[in-house]
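Structure first, then comments.
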2 protein chains.
Amino acid sequence: MSDDYSKVLLDESEMPTQWYNVIPDLPAPPPPPLHPGTLEPIGPDDLAPLFPMALILQEVSGDSYIDIPGEVLDVYRLWRPSPLLRARRLEQELDTPAKIFLKYEGVSPAGSHKPNTAVPQAYYNAQEGVTRLTTETGAGQWGSALAFATAQYGLECEVWQVRASYDQKPYRRTMMEVWGARVHPSPSDLTESGRAVLAAEPSSPGSLGIAISEAVEQAAQREDTRYALGSVLNHVLLHQTIIGEEALLQLAKVGETPDVLVGCTGGGSNFGGLSFPFLREKLAGRMDPVIRCVEPASCPSLTRGEYRYDFGDTGQLTPLVKMHTLGHSFIPDPIHAGGLRYHGMSPLVSHLYELGLVEAESIHQNECFAAALRFARTEGILPAPEPTHAIAAAVREALRCKESGEEKVILTALCGHGHLDLAAYEKYLAGELVDYDYPEEKIAEAMANVPVLA
Amino acid sequence: MSDDYSKVLLDESEMPTQWYNVIPDLPAPPPPPLHPGTLEPIGPDDLAPLFPMALILQEVSGDSYIDIPGEVLDVYRLWRPSPLLRARRLEQELDTPAKIFLKYEGVSPAGSHKPNTAVPQAYYNAQEGVTRLTTETGAGQWGSALAFATAQYGLECEVWQVRASYDQKPYRRTMMEVWGARVHPSPSDLTESGRAVLAAEPSSPGSLGIAISEAVEQAAQREDTRYALGSVLNHVLLHQTIIGEEALLQLAKVGETPDVLVGCTGGGSNFGGLSFPFLREKLAGRMDPVIRCVEPASCPSLTRGEYRYDFGDTGQLTPLVKMHTLGHSFIPDPIHAGGLRYHGMSPLVSHLYELGLVEAESIHQNECFAAALRFARTEGILPAPEPTHAIAAAVREALRCKESGEEKVILTALCGHGHLDLAAYEKYLAGELVDYDYPEEKIAEAMANVPVLA
């Protein structure tokens with residue numbers, strides 16, 4: 001390959017055919033989820049009302065690799081393998097000796113990395129006779145991914161979208177409807193969980209935690225219906241590892257290994273998907289990248305949350321999981337990165353953070369959009385608000401390299417485009433984007449509601 | 001290459017490095033543009049106030065191939081080569097023996113094929129010391145392409161956007177602003193042309209013809225400013241031939257040649273870009289595809305217009321060009337395919353139609369959106385309103401193959417994604433999309449204003 005490449009592509013025949021499970025390679029397993037009634041570790045049967053058995057078995061699998069079904073590979077091939085971009089024009093603009101690589105997931109039909117797990121989730125549900133899936137969505141990236149995926153396998157799809165995003169991004173709803181889904185703003189009056197929130201606060205902007213409660217409640221009530229989660233869980237992060245596996249192959253093609261890997265974290269699926277294969281290489285001693293999470297200052301679960309057993313949702317319907325949490329009743333300020341507005345962090349990413357295998361930092365949204373504008377004007381692509389955090393972190397790192405003169409290789413994931421997020425850019429350009437204070441008081445209030453286990 | 005591929009990719013090293021000029025290969029040259037005062041063929045000097053000399057020379061070039069500058073190739077590589085998609089899932093859904101290929105240009109930063117010419121236009125202007133470009137835009141695809149391109153070479157960019165699209169698609173404006181452009185709704189009170197239209201009709205929805213007048217007027221007034229056109233002209237179609245050249249290479253990789261090539265036509269640049277290299281092969285006897293234009297029923301310049309000398313703009317500021325026209329004062333109904341709302345057709349495409357080398361048909365927008373929905377639910381991608389016409393034409397052809405049993409190879413261009421056009425899908429899904437009658441009376445009225453030459 002010549003040295004002046006702008007992106008590294010893989011042929012369809014080079015696409016990985018297995019997902020990677022990082023758990024068997026860790027020095028200790030993550031703590032198990034607990035049944036909220038008995039406080040005993042939950043078993044597969046406890047999850048059966050919500051998920052098909054194939055996904056439950058992946059959730060607890062001890063296998064290092066899991067084959068991707070052929071019917072899933074067929075759909076992946078509509079857009080995968082995704083390109084690895086080398087941001088040469090941004091490097092020049094920053095005048096940095098660093099090399100910046102971005103794994104670009106915005107080429108998927110829904111415009112983000114989310115279809116990587118939406119497609120297998122829809123597939124396994126269809127295989128087990130499920131005919132209807134419910135889910136929540138924040139910015140709408142996950143909801144549209146599931147809408148697209150269910151259309152591929154002939155399932156119905158019903159989405160509860162966080163009210164703040166539903167109002168900010170009306171066209172995401174239309175996109176979901178184009179693929180055949182039904183969309184409700186959350187909190188809604190269609191569920192007990194939603195009605196309870198509306199009774200307390202009729203103008204609630206909603207949160208992922210509330211929307212999860214609504215979707216879970218609906219799924220638990222009907223035999224033909226299951227629930228699909230777009231992040232947080234082990235099987236979701238597992239499906240996303242195709243991102244990192246491809247990136248490994250692509251970097252190898254151009255003879256590079258990363259010195260620093262940064263990824264934005266909301267529930268952790270984009271970060272886990274990119275980083276776990278590199279963590280495998282690091283644990284095996286084949287490379288030694290610093291691996292760093294980047295989260296919004298308004299929702300700093302890793303950097304300011306506590307590592308505690310807590311509920312995954314506001315309505316306390318999910319199992320208790322050990323994770324970095326701001327408290328399941330925490331409602332983040334309405335930043336534009338709706339996909340990062342979650343009170344907790346994936347238990348697996350939380351576990352890695354506790355083990356000292358990954359770092360974390362938080363960034364305010366104006367710095368993120370400033371970096372995104374710089375990126376758009378040099379590299380062309382308009383990032384979604386979520387990966388503006390990843391780009392801001394990469395820019396920070398590249399500017400440190402400018403100071404130190406180090407020629408580091410920086411890898412991140414540009415996990416989605418911002419074509420449906422232009423209202424956020426409009427506000428940024430008008431100087432109207434708010435940097436909220438660190439939510440210390442709100443965190444303290446919400447943490448008081450986290451259950452204290454014996 | 002295996003036989004179950006889903007898309008055909010080219011490596012950056014395989015990207016064509018020359019544009020193809022079809023004119024020397026035609027049995028007769030197209031009639032020249034005329035000076036509106038003298039009615040004599042215009043020369044390069046007449047165009048110098050509007051365009052840099054490099055583009056003027058390309059406009060009248062007799063060379064079959066023109067080298068693409070390295071600085072343009074560098075920017076092309078941000079997204080090119082673009083993928084050639086095989087729509088297997090749509091074929092299955094249609095139950096057709098036909099093979100449907102789509103050259104997908106939505107992977108560009110602006111989301112369409114328009115940057116293919118915006119980038120070289122910005123480059124050549126910058127090379128000749130121009131510091132500011134003006135242009136018009138319909139749906140916003142062209143304006144955003146030029147905004148992106150001018151950002152790459154440090155030029156200012158000012159865009160007049162047709163009022164109907166400006167109102168229907170507010171986020172296109174923000175996209176242009178992210179890349180640093182200034183955007184005005186057209187008709188505006190910033191130009192004489194705009195003020196004249198507003199005086200006659202204060203609530204005018206605008207048209208490409210009016211917006212061209214405004215942008216041309218501004219460019220002609222300042223020495224540091226030139227004008228950029230997104231379609232119609234020979235040099236624009238020339239730059240777009242990289243689409244067809246890549247598609248030829250990609251089809252060769254999988255051993256296919258097209259039996260039918262369909263492309264949507266507004267000003268003709270997407271159609272010309274895809275079809276001219278295939279027309280070269282056809283004229284040389286190496287293949288024999290039917291080549292067909294598809295236009296909106298509301299703006300049927302080829303199928304219902306007259307082949308006459310007419311102005312390119314409403315304000316009568318441009319040279320007279322011989323083309324299929326509905327009359328320069330024709331204002332199309334506000335269909336959502338804003339990029340196809342132009343009263344004329346590229347003189348070069350018009351000439352080919354007169355020579356019998358290409359066919360044409362027109363389609364109403366509800367049929368187009370129905371085809372687009374079918375496409376989105378099988379293949380994932382949401383098409384822009386303009387290429388819904390191409391997809392509808394491909395579906396018609398594929399269904400004819402189902403009847404006849406013919407295994408035809410159908411090639412078309414999916415020239416842009418519809419992420420900024422979801423308001424149109426919203427209306428379609430709500431059953432509110434209007435199929436306007438064929439505009440016979442409006443055409444007759446506008447044709448009465450077309451100059452009669454001696």
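Just so we're on the same page: first chain in the structure tokens is A, next is B, and so on; residues restart at 1 for each chain, and ligands are numbered from 1 in the order they show up.
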Backbone DSSP call of helix (DSSP H, G or I) for segment 179-246 of chain A, listed as a PyMOL selection string: chain A and resi 192-200+208-221+234-246
Hey, can you spit out that residue selection with C-alpha atoms as a PDB file, in the first residue's frame?
```pdb
ATOM      1  CA  GLU A 192     -47.048   2.381  34.208  1.00  0.00           C
ATOM      2  CA  SER A 193     -43.432   3.547  34.415  1.00  0.00           C
ATOM      3  CA  GLY A 194     -44.087   6.435  32.064  1.00  0.00           C
ATOM      4  CA  ARG A 195     -47.320   7.474  33.773  1.00  0.00           C
ATOM      5  CA  ALA A 196     -45.566   7.533  37.175  1.00  0.00           C
ATOM      6  CA  VAL A 197     -42.890   9.897  35.873  1.00  0.00           C
ATOM      7  CA  LEU A 198     -45.434  12.143  34.150  1.00  0.00           C
ATOM      8  CA  ALA A 199     -47.513  12.340  37.336  1.00  0.00           C
ATOM      9  CA  ALA A 200     -44.476  13.629  39.241  1.00  0.00           C
ATOM     10  CA  LEU A 208     -32.558   6.680  28.868  1.00  0.00           C
ATOM     11  CA  GLY A 209     -33.305   5.169  32.286  1.00  0.00           C
ATOM     12  CA  ILE A 210     -37.004   6.055  32.029  1.00  0.00           C
ATOM     13  CA  ALA A 211     -37.281   4.944  28.413  1.00  0.00           C
ATOM     14  CA  ILE A 212     -35.690   1.590  29.272  1.00  0.00           C
ATOM     15  CA  SER A 213     -38.339   1.062  31.966  1.00  0.00           C
ATOM     16  CA  GLU A 214     -41.112   1.665  29.454  1.00  0.00           C
ATOM     17  CA  ALA A 215     -39.703  -0.659  26.807  1.00  0.00           C
ATOM     18  CA  VAL A 216     -38.899  -3.405  29.342  1.00  0.00           C
ATOM     19  CA  GLU A 217     -42.374  -3.184  30.873  1.00  0.00           C
ATOM     20  CA  GLN A 218     -44.001  -3.648  27.465  1.00  0.00           C
ATOM     21  CA  ALA A 219     -41.786  -6.581  26.552  1.00  0.00           C
ATOM     22  CA  ALA A 220     -42.397  -8.378  29.841  1.00  0.00           C
ATOM     23  CA  GLN A 221     -46.158  -8.198  29.297  1.00  0.00           C
ATOM     24  CA  ASN A 234     -22.009  -7.982  27.498  1.00  0.00           C
ATOM     25  CA  HIS A 235     -23.626  -9.379  24.339  1.00  0.00           C
ATOM     26  CA  VAL A 236     -24.020  -5.889  22.901  1.00  0.00           C
ATOM     27  CA  LEU A 237     -20.354  -5.063  23.434  1.00  0.00           C
ATOM     28  CA  LEU A 238     -19.497  -8.501  22.027  1.00  0.00           C
ATOM     29  CA  HIS A 239     -21.285  -7.734  18.734  1.00  0.00           C
ATOM     30  CA  GLN A 240     -19.503  -4.392  18.480  1.00  0.00           C
ATOM     31  CA  THR A 241     -16.054  -5.994  18.585  1.00  0.00           C
ATOM     32  CA  ILE A 242     -16.202  -6.330  14.813  1.00  0.00           C
ATOM     33  CA  ILE A 243     -15.193  -2.638  14.837  1.00  0.00           C
ATOM     34  CA  GLY A 244     -11.930  -3.281  16.644  1.00  0.00           C
ATOM     35  CA  GLU A 245     -11.206  -6.523  14.786  1.00  0.00           C
ATOM     36  CA  GLU A 246     -11.480  -4.717  11.461  1.00  0.00           C
TER      37      GLU A 246
END
```
Chain A contacts to chain B at 9 Å (only C-alpha atoms) as a VMD selection string: chain A and resid 1 to 2 5 to 13 74 to 75 77 to 79 85 87 107 to 110 148 to 149 151 to 152 171 to 172 174 to 175 177 to 180 373 376 to 382 419 to 423 425 to 426 429
Segment 183-429 of chain B: residues DSSP assigns to strand (DSSP E or B), reported as a PyMOL selection string: chain B and resi 183-186+225-227+260-264+290-296+306-311+320-325+344+359-363+383+409-414+416-417
Test item: residues at most 7 Å from Ser350 of chain A, only C-alpha atoms, excluding those fewer than 5 positions along its chain, as a list of chain:residue names: A:Met323, A:His324, A:Met345
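By chain and then residue number, the residues within 9 Å of Pro31 of chain A are Val321, Lys322, Pro347, Leu348 and His351 of chain A, counting only C-alpha atoms and disregarding those fewer than 4 positions away in sequence.
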Would you save the residues from that selection as an mmCIF file, in the first residue's frame, using all heavy atoms?
```cif
data_model
loop_
_atom_site.group_PDB
_atom_site.id
_atom_site.type_symbol
_atom_site.label_atom_id
_atom_site.label_comp_id
_atom_site.auth_asym_id
_atom_site.auth_seq_id
_atom_site.Cartn_x
_atom_site.Cartn_y
_atom_site.Cartn_z
ATOM 1 N N VAL A 321 -26.881 -4.280 38.666
ATOM 2 C CA VAL A 321 -25.584 -4.564 38.047
ATOM 3 C C VAL A 321 -24.521 -3.691 38.703
ATOM 4 O O VAL A 321 -24.796 -2.553 39.094
ATOM 5 C CB VAL A 321 -25.593 -4.336 36.523
ATOM 6 C CG1 VAL A 321 -26.473 -5.368 35.836
ATOM 7 C CG2 VAL A 321 -26.028 -2.932 36.177
ATOM 8 N N LYS A 322 -23.326 -4.243 38.838
ATOM 9 C CA LYS A 322 -22.246 -3.467 39.454
ATOM 10 C C LYS A 322 -21.576 -2.633 38.366
ATOM 11 O O LYS A 322 -21.047 -3.175 37.389
ATOM 12 C CB LYS A 322 -21.233 -4.373 40.137
ATOM 13 C CG LYS A 322 -20.324 -3.572 41.062
ATOM 14 C CD LYS A 322 -19.690 -4.400 42.164
ATOM 15 C CE LYS A 322 -18.917 -3.494 43.127
ATOM 16 N NZ LYS A 322 -18.147 -4.281 44.113
ATOM 17 N N PRO A 347 -21.231 -2.599 32.819
ATOM 18 C CA PRO A 347 -20.508 -3.305 33.897
ATOM 19 C C PRO A 347 -19.135 -3.791 33.445
ATOM 20 O O PRO A 347 -18.186 -3.778 34.231
ATOM 21 C CB PRO A 347 -21.434 -4.485 34.216
ATOM 22 C CG PRO A 347 -22.796 -4.019 33.822
ATOM 23 C CD PRO A 347 -22.591 -3.121 32.633
ATOM 24 N N LEU A 348 -19.026 -4.189 32.191
ATOM 25 C CA LEU A 348 -17.753 -4.710 31.705
ATOM 26 C C LEU A 348 -16.713 -3.587 31.602
ATOM 27 O O LEU A 348 -15.555 -3.743 32.037
ATOM 28 C CB LEU A 348 -17.978 -5.387 30.346
ATOM 29 C CG LEU A 348 -16.888 -6.284 29.781
ATOM 30 C CD1 LEU A 348 -16.302 -7.225 30.838
ATOM 31 C CD2 LEU A 348 -17.453 -7.086 28.614
ATOM 32 N N HIS A 351 -15.728 -2.585 35.079
ATOM 33 C CA HIS A 351 -14.804 -3.583 35.626
ATOM 34 C C HIS A 351 -13.382 -3.334 35.126
ATOM 35 O O HIS A 351 -12.413 -3.365 35.906
ATOM 36 C CB HIS A 351 -15.317 -4.967 35.210
ATOM 37 C CG HIS A 351 -14.491 -6.117 35.689
ATOM 38 N ND1 HIS A 351 -14.245 -6.350 37.029
ATOM 39 C CD2 HIS A 351 -13.865 -7.123 35.002
ATOM 40 C CE1 HIS A 351 -13.489 -7.454 37.140
ATOM 41 N NE2 HIS A 351 -13.255 -7.939 35.926
#
```
Nearest residue to Gly206 of chain A from the set A:Pro97, A:Gly267, A:Gly138, A:Gly62 (distances using only C-alpha atoms): A:Gly138
